Amino acid sequence: MDTLSTMFRLLPIRSLVIPFLKLVWRLFTDKRVPTFTKIIPLLALAYVISPYDIIGDRIPVLGQLDDVIVVGVLFLLFIAASPNHVVADQTMGKKLRDLQKQQGNDPDREGDKGETVDAEIRFIPDDPPDDPNAESSADEPDEIDNQKNQKQ
């Protein structure tokens, strides 16, 4: 009876861990995720296999717990480093993204309004000039250097 009650207590954990691992696998096999990003789950696997741990496996519970924590953090980092639209495709599905596009919210162009700003840039030195009759700003960096050399 005790084993059965333990299984039911761990059921919510299982319902979170299995979809999480499926998401990591789907992102790992997706061609839209950069190869460099796919190194992160491989590092997690190498950490589990490696004989070197943060806390040695000889300590009964803590030895395995640090493996779970490190792998979980690396998997979360992998999901965060994957492109947002790919994660959305793998979690919410492509239908939801198509619905967002129909409503005018293109998730592929987050924050990109497509507007270009035409501006001129002018350098204004922080320290005011010693001579009040001198120009207050210069347009070219060479002119600033010349003004500083003349003051000295």
# chains A, B, ... in the order shown; residues from 1 in each chain; ligands from 1
>>> residues_around(residues="range 73-78 of chain A", least_positions_apart="5", cutoff="9 Å", atoms="only C-alpha atoms", output="NGL selection string")
:A and (20-21 or 24 or 27-28 or 37-41 or 43-44 or 68)
>>> write_last_selection(atoms="N, CA and C atoms", output="compact mmCIF listing (two decimals), in the first residue's frame")
# COMPACT_ATOMS: atom_id res chain seq x y z
N PHE A 20 8.54 17.77 -20.79
CA PHE A 20 9.77 18.58 -20.83
C PHE A 20 10.85 17.86 -21.63
N LEU A 21 11.05 16.58 -21.37
CA LEU A 21 12.05 15.81 -22.10
C LEU A 21 11.67 15.65 -23.58
N VAL A 24 12.61 18.86 -25.29
CA VAL A 24 14.06 18.93 -25.52
C VAL A 24 14.43 18.05 -26.71
N LEU A 27 13.22 19.71 -30.02
CA LEU A 27 14.08 20.84 -30.38
C LEU A 27 15.44 20.35 -30.87
N PHE A 28 15.96 19.30 -30.25
CA PHE A 28 17.26 18.76 -30.64
C PHE A 28 17.22 18.21 -32.06
N THR A 37 23.72 25.62 -30.73
CA THR A 37 22.81 25.51 -29.59
C THR A 37 22.60 24.05 -29.20
N LYS A 38 22.68 23.16 -30.16
CA LYS A 38 22.47 21.74 -29.87
C LYS A 38 23.61 21.12 -29.08
N ILE A 39 24.66 21.87 -28.86
CA ILE A 39 25.78 21.38 -28.05
C ILE A 39 25.36 21.31 -26.58
N ILE A 40 24.43 22.15 -26.15
CA ILE A 40 24.06 22.24 -24.74
C ILE A 40 23.51 20.91 -24.21
N PRO A 41 22.54 20.25 -24.88
CA PRO A 41 22.10 18.95 -24.35
C PRO A 41 23.19 17.88 -24.39
N LEU A 43 26.30 18.50 -23.76
CA LEU A 43 27.08 18.77 -22.54
C LEU A 43 26.39 18.16 -21.32
N ALA A 44 25.05 18.24 -21.29
CA ALA A 44 24.30 17.64 -20.18
C ALA A 44 24.51 16.13 -20.15
N VAL A 68 20.78 15.63 -11.52
CA VAL A 68 19.45 16.03 -11.98
C VAL A 68 19.36 17.55 -12.10
>>> select_by_dssp(residues="range 8-129 of chain A", states="helix (DSSP H, G or I)", output="PyMOL selection string")
chain A and resi 8-29+39-49+62-81+84-91+94-102+107-109
>>> atom_distance(atom1="CA of Gln102 in chain A", atom2="CA of Val87 in chain A")
19.5 Å
>>> closest_residue(among="A:Pro51, A:Val70, A:Gln64, A:Ala80", to="Leu23 in chain A", atoms="only C-alpha atoms")
A:Ala80
>>> atom_distance(atom1="CA of Tyr47 in chain A", atom2="CA of Val86 in chain A")
26.0 Å
>>> residues_around(residues="Asp66 in chain A", least_positions_apart="2", cutoff="10 Å", atoms="only C-alpha atoms", output="ChimeraX atom specification")
/A:48,53-57,61-64,68-72
>>> write_last_selection(atoms="C-alpha atoms", output="short mmCIF file (atom, residue, chain, number, x, y, z; two decimals), in the first residue's frame")
data_model
loop_
_atom_site.label_atom_id
_atom_site.label_comp_id
_atom_site.auth_asym_id
_atom_site.auth_seq_id
_atom_site.Cartn_x
_atom_site.Cartn_y
_atom_site.Cartn_z
CA VAL A 48 25.85 12.58 -16.52
CA ASP A 53 30.63 15.62 -10.45
CA ILE A 54 30.03 18.67 -8.31
CA ILE A 55 28.99 16.34 -5.48
CA GLY A 56 30.36 12.80 -5.70
CA ASP A 57 27.97 9.94 -6.48
CA VAL A 61 20.99 11.06 -2.39
CA LEU A 62 22.97 14.23 -3.00
CA GLY A 63 25.24 12.58 -5.56
CA GLN A 64 22.36 11.86 -7.94
CA VAL A 68 19.45 16.03 -11.98
CA ILE A 69 19.85 19.72 -11.15
CA VAL A 70 22.72 20.30 -13.61
CA VAL A 71 20.94 18.43 -16.41
CA GLY A 72 17.70 20.32 -15.72
#
>>> atom_distance(atom1="CA of Arg32 in chain A", atom2="CA of Ser82 in chain A")
8.8 Å
